[in-house]
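The structure file target-v9.cif is reproduced below (mmCIF, C-alpha atoms).
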data_entry
#
loop_
_atom_site.label_atom_id
_atom_site.label_comp_id
_atom_site.auth_asym_id
_atom_site.auth_seq_id
_atom_site.Cartn_x
_atom_site.Cartn_y
_atom_site.Cartn_z
CA MET A 331 18.75 -7.19 -4.25
CA LYS A 332 17.37 -6.19 -7.62
CA SER A 333 15.63 -9.51 -8.14
CA GLU A 334 13.38 -9.03 -5.11
CA GLN A 335 9.90 -7.76 -5.81
CA PHE A 336 9.59 -5.61 -2.69
CA ASP A 337 12.31 -4.00 -0.62
CA GLU A 338 12.65 -4.78 3.09
CA LEU A 339 10.66 -1.79 4.35
CA GLN A 340 7.84 -2.68 1.95
CA VAL A 341 7.89 -6.31 3.11
CA ARG A 342 7.76 -5.18 6.75
CA ASN A 343 4.85 -2.85 6.04
CA ARG A 344 2.97 -5.54 4.10
CA GLN A 345 3.39 -7.99 6.96
CA ARG A 346 2.08 -5.43 9.43
CA ILE A 347 -0.89 -4.57 7.22
CA SER A 348 -1.63 -8.29 6.64
CA TYR A 349 -1.82 -8.83 10.37
CA GLN A 350 -4.18 -5.87 10.79
CA THR A 351 -6.31 -7.14 7.89
CA MET A 352 -6.60 -10.58 9.45
CA PHE A 353 -7.70 -8.99 12.73
CA LEU A 354 -10.24 -6.81 10.89
CA MET A 355 -11.65 -9.87 9.13
CA LEU A 356 -12.01 -11.75 12.42
CA VAL A 357 -13.83 -8.78 13.97
CA LEU A 358 -16.18 -8.48 10.98
CA ILE A 359 -16.99 -12.20 11.06
CA LEU A 360 -17.67 -11.93 14.80
CA ILE A 361 -19.91 -8.86 14.35
CA ASN A 362 -21.77 -10.60 11.52
CA GLY A 363 -22.33 -13.64 13.74
CA ILE A 364 -23.60 -11.53 16.63
CA VAL A 365 -25.92 -9.52 14.37
CA LYS A 366 -27.36 -12.68 12.81
CA GLU A 367 -27.75 -14.42 16.15
CA CYS A 368 -29.20 -11.54 18.17
CA PHE A 369 -30.84 -9.07 15.77
CA ILE A 370 -31.50 -9.85 12.11
CA SER A 371 -31.15 -13.41 10.88
CA ASN A 372 -30.77 -12.34 7.25
CA TRP A 373 -29.54 -8.81 6.60
CA ALA A 374 -28.29 -9.69 3.12
CA THR A 375 -28.29 -12.61 0.72
CA PRO A 376 -25.55 -15.15 1.57
CA ILE A 377 -23.51 -14.25 -1.52
CA LEU A 378 -23.67 -10.51 -0.77
CA GLU A 379 -22.77 -11.19 2.86
CA ALA A 380 -19.72 -13.21 1.78
CA ASN A 381 -18.89 -10.52 -0.76
CA LEU A 382 -18.84 -7.82 1.92
CA LEU A 383 -16.80 -9.93 4.33
CA ILE A 384 -14.18 -10.33 1.62
CA ILE A 385 -14.29 -6.85 0.10
CA ILE A 386 -13.96 -4.77 3.29
CA PRO A 387 -10.71 -6.43 4.49
CA ALA A 388 -9.36 -6.58 0.91
CA LEU A 389 -10.05 -2.87 0.45
CA TYR A 390 -8.36 -2.13 3.78
CA PHE A 391 -5.30 -4.18 2.80
CA ILE A 392 -4.89 -2.63 -0.65
CA SER A 393 -5.57 0.92 0.56
CA MET A 394 -3.06 0.65 3.39
CA CYS A 395 -0.49 -0.88 1.05
CA ILE A 396 -0.94 2.00 -1.39
CA TRP A 397 -0.61 4.68 1.30
CA LYS A 398 2.31 2.94 3.05
CA ASN A 399 4.10 2.61 -0.28
CA ALA A 400 3.99 -1.18 -0.10
CA TYR A 401 1.71 -1.83 -3.05
CA PHE A 402 3.98 -0.96 -5.94
CA THR A 403 7.05 -3.05 -6.58
CA ASN A 404 10.48 -1.55 -6.05
CA THR A 405 11.16 -1.77 -9.77
CA GLY A 406 9.02 1.32 -10.25
CA ILE A 407 6.75 -0.45 -12.72
CA LYS A 408 3.28 0.78 -12.00
CA SER A 409 0.20 -0.89 -13.28
CA ASN A 410 -1.48 2.06 -14.98
CA ILE A 411 -3.41 -0.10 -17.45
CA THR A 412 -4.73 -2.32 -14.67
CA MET A 413 -5.90 0.75 -12.78
CA ILE A 414 -7.66 2.19 -15.83
CA ILE A 415 -9.46 -1.14 -16.24
CA PHE A 416 -10.32 -1.11 -12.51
CA LEU A 417 -11.77 2.41 -12.81
CA ILE A 418 -13.90 1.64 -15.88
CA LEU A 419 -15.05 -1.69 -14.44
CA GLY A 420 -15.80 -0.05 -11.10
CA ILE A 421 -17.83 2.78 -12.61
CA ILE A 422 -19.88 0.32 -14.69
CA MET A 423 -20.55 -1.85 -11.62
CA VAL A 424 -21.52 1.15 -9.47
CA VAL A 425 -23.91 2.43 -12.14
CA LEU A 426 -25.45 -1.04 -12.51
CA ALA A 427 -25.85 -1.29 -8.73
CA ILE A 428 -27.47 2.17 -8.54
CA ILE A 429 -29.96 1.60 -11.37
CA ASN A 430 -30.96 -1.74 -9.88
CA GLU A 431 -34.75 -1.72 -10.08
CA ASN A 432 -35.21 -3.37 -6.67
CA GLY A 433 -33.50 -0.52 -4.80
CA PHE A 434 -30.80 -0.68 -2.12
CA ILE A 435 -33.01 -2.60 0.28
CA TYR A 436 -35.21 -5.42 -0.99
CA ASN A 437 -37.26 -7.82 1.16
CA ASN A 438 -35.72 -6.24 4.27
CA MET A 439 -32.28 -7.24 3.03
CA LEU A 440 -29.38 -5.22 1.69
CA ASN A 441 -29.45 -5.27 -2.08
CA PHE A 442 -26.41 -3.23 -3.10
CA ASN A 443 -23.33 -4.92 -4.52
CA PRO A 444 -20.29 -2.94 -3.30
CA THR A 445 -17.77 -4.50 -5.70
CA GLY A 446 -17.85 -1.42 -7.96
CA ILE A 447 -16.97 0.88 -5.06
CA PHE A 448 -14.05 -1.43 -4.26
CA PHE A 449 -12.57 -1.08 -7.74
CA VAL A 450 -13.19 2.68 -7.98
CA ALA A 451 -11.69 3.27 -4.51
CA ILE A 452 -8.50 1.36 -5.35
CA SER A 453 -8.10 3.12 -8.66
CA LEU A 454 -8.65 6.62 -7.23
CA GLN A 455 -6.26 6.03 -4.34
CA TYR A 456 -3.66 4.78 -6.80
CA TRP A 457 -3.84 7.96 -8.87
CA ILE A 458 -3.86 10.27 -5.84
CA LYS A 459 -0.87 8.52 -4.27
CA GLY A 460 0.95 8.59 -7.61
CA LEU A 461 0.36 12.33 -7.87
CA ILE A 462 1.60 12.94 -4.30
CA ASP A 463 4.72 10.84 -4.96
CA ARG A 464 5.45 12.75 -8.14
CA ILE A 465 5.28 16.07 -6.26
CA LYS A 466 7.49 14.70 -3.47
CA ASN A 467 10.02 13.35 -5.99
CA LYS A 468 10.26 16.78 -7.59
CA ASN A 469 10.76 18.44 -4.20
CA ASP A 470 13.54 15.97 -3.28
CA GLU A 471 15.37 16.58 -6.53
CA MET B 1205 17.13 7.53 15.86
CA GLY B 1206 18.09 10.87 14.33
CA LYS B 1207 18.60 11.90 10.76
CA ASN B 1208 21.50 10.29 8.94
CA LEU B 1209 23.18 13.31 7.42
CA ARG B 1210 26.27 11.30 6.51
CA ILE B 1211 24.38 9.38 3.85
CA LYS B 1212 23.02 12.64 2.52
CA SER B 1213 26.47 14.22 2.27
CA ALA B 1214 27.97 11.07 0.71
CA ARG B 1215 25.17 11.10 -1.80
CA ALA B 1216 25.71 14.78 -2.53
CA GLU B 1217 29.44 14.18 -3.08
CA LYS B 1218 28.62 11.59 -5.72
CA ASP B 1219 25.98 13.93 -7.14
CA MET B 1220 23.24 11.35 -6.76
CA SER B 1221 19.61 11.93 -5.79
CA GLN B 1222 17.72 9.65 -3.44
CA LYS B 1223 16.03 8.17 -6.46
CA ASP B 1224 19.37 7.39 -8.17
CA VAL B 1225 20.73 5.56 -5.12
CA ALA B 1226 17.46 3.75 -4.56
CA GLU B 1227 17.29 2.55 -8.15
CA ALA B 1228 20.92 1.44 -8.08
CA ILE B 1229 20.42 -0.79 -5.06
CA GLY B 1230 16.89 -1.94 -5.86
CA ILE B 1231 14.78 -0.20 -3.24
CA THR B 1232 12.14 2.52 -3.45
CA ARG B 1233 12.93 6.21 -3.04
CA GLN B 1234 10.61 6.27 -0.04
CA THR B 1235 12.68 3.60 1.71
CA MET B 1236 15.86 5.56 1.01
CA ASN B 1237 14.16 8.66 2.37
CA ALA B 1238 13.06 6.79 5.52
CA ILE B 1239 16.65 5.62 6.11
CA GLU B 1240 18.06 9.13 5.71
CA ASN B 1241 15.42 10.58 7.99
CA GLY B 1242 16.06 7.94 10.64
CA ASP B 1243 12.53 6.56 10.37
CA TYR B 1244 13.71 3.10 9.36
CA ASN B 1245 16.60 1.02 10.66
CA PRO B 1246 17.86 -0.99 7.66
CA THR B 1247 19.27 -4.53 7.81
CA ILE B 1248 22.99 -5.07 7.49
CA LYS B 1249 22.42 -6.35 3.95
CA LEU B 1250 20.86 -3.07 2.87
CA CYS B 1251 23.46 -1.03 4.77
CA ARG B 1252 26.21 -2.82 2.84
CA ALA B 1253 24.45 -2.18 -0.46
CA ILE B 1254 24.21 1.54 0.33
CA CYS B 1255 27.87 1.66 1.40
CA LYS B 1256 28.99 -0.06 -1.81
CA GLU B 1257 26.97 2.32 -3.93
CA LEU B 1258 28.30 5.40 -2.14
CA ASP B 1259 31.88 4.06 -1.85
CA ARG B 1260 31.92 4.37 1.92
CA THR B 1261 32.43 1.96 4.80
CA LEU B 1262 29.76 0.88 7.26
CA ASP B 1263 31.45 2.86 10.00
CA GLU B 1264 31.52 6.03 7.94
CA LEU B 1265 27.81 5.94 7.18
CA PHE B 1266 26.14 4.09 10.04
CA TRP B 1267 28.29 4.03 13.15
CA GLU B 1268 26.94 6.23 15.93
CA ASP B 1269 29.22 7.30 18.81
#

Represent the structure from my file as structure tokens, please.
Amino acid sequence: MKSEQFDELQVRNRQRISYQTMFLMLVLILINGIVKECFISNWATPILEANLLIIIPALYFISMCIWKNAYFTNTGIKSNITMIIFLILGIIMVVLAIINENGFIYNNMLNFNPTGIFFVAISLQYWIKGLIDRIKNKNDE
Amino acid sequence: MGKNLRIKSARAEKDMSQKDVAEAIGITRQTMNAIENGDYNPTIKLCRAICKELDRTLDELFWED
């Protein structure tokens, strides 16, 4: 069993979250289609639109995996360095998005790249969950 | 499914924490905790691994009357 990356409860949780993520993505694509067809033909540039449609489900998947304890492998190796990089990268991207001279809305279209928020959110959740787990581990011992 | 106190007592007899057992059989502490609390019904493969680690039989740890 040691060779497996995730244990069976983690695999079950990941499958469940994957299914929910797929459903969320379908709903978002449908909403985007309805909005473009009925209300605003262009609410964001095509690349930003695609970005959002990828980032929202990805953020949901990773967040749920972190909170359901299905993100870290069962070996206990946690990717602290990756998360530090995520946090720094995320903060830089958020700052760049905020100081964007065109503002959040430009030409009646959304002009805010949310990728930075994605990285910061993952990183923060990782640290918070890690802290909670450490407290719980101490209580169990 | 209620709490599995038999695993807890077997673990205590061997002076092992949830983390020790979990690491020995290659699962997370949270999964071990879920099994003990009756929140997760493990597969037979995992049950056998727990039994081997705690030197008990399947009946002793998992059979419910």

Contact set, chain B to chain A: 10 Å, all atoms listed in the file, as a PyMOL selection string: chain B and resi 1220-1223+1226-1239+1244-1247+1249-1250+1253

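The coordinates place CA of Ile396 (chain A) at 13.6 Å from CA of Phe449 (chain A).
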
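Interatomic distance, CA of Pro444 (chain A) to CA of Ile428 (chain A): 10.3 Å.
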
Chain and number of each residue from the PyMOL selection byres ((chain A and resi 419) around 12), as a PyMOL selection string: chain A and resi 412-418+420-426+445-453

Atom-to-atom span, CA of Tyr456 (chain A) and CA of Val1225 (chain B), Å: 24.5 Å

Selection result for the PyMOL selection byres ((chain A and resi 440) around 10) on this file, as a ChimeraX atom specification: /A:372-375,378-379,433-439,441-443

Counting all atoms listed in the file, the residue of B:Glu1268, B:Asp1224, B:Arg1252, B:Asp1263 that sits nearest Gly1206 (chain B): B:Glu1268

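Between Gly363 (chain A) and the candidates A:Leu389, A:Ile465, A:Leu383, A:Leu454, the tightest atom-to-atom separation, counting only C-alpha atoms, involves A:Leu383.
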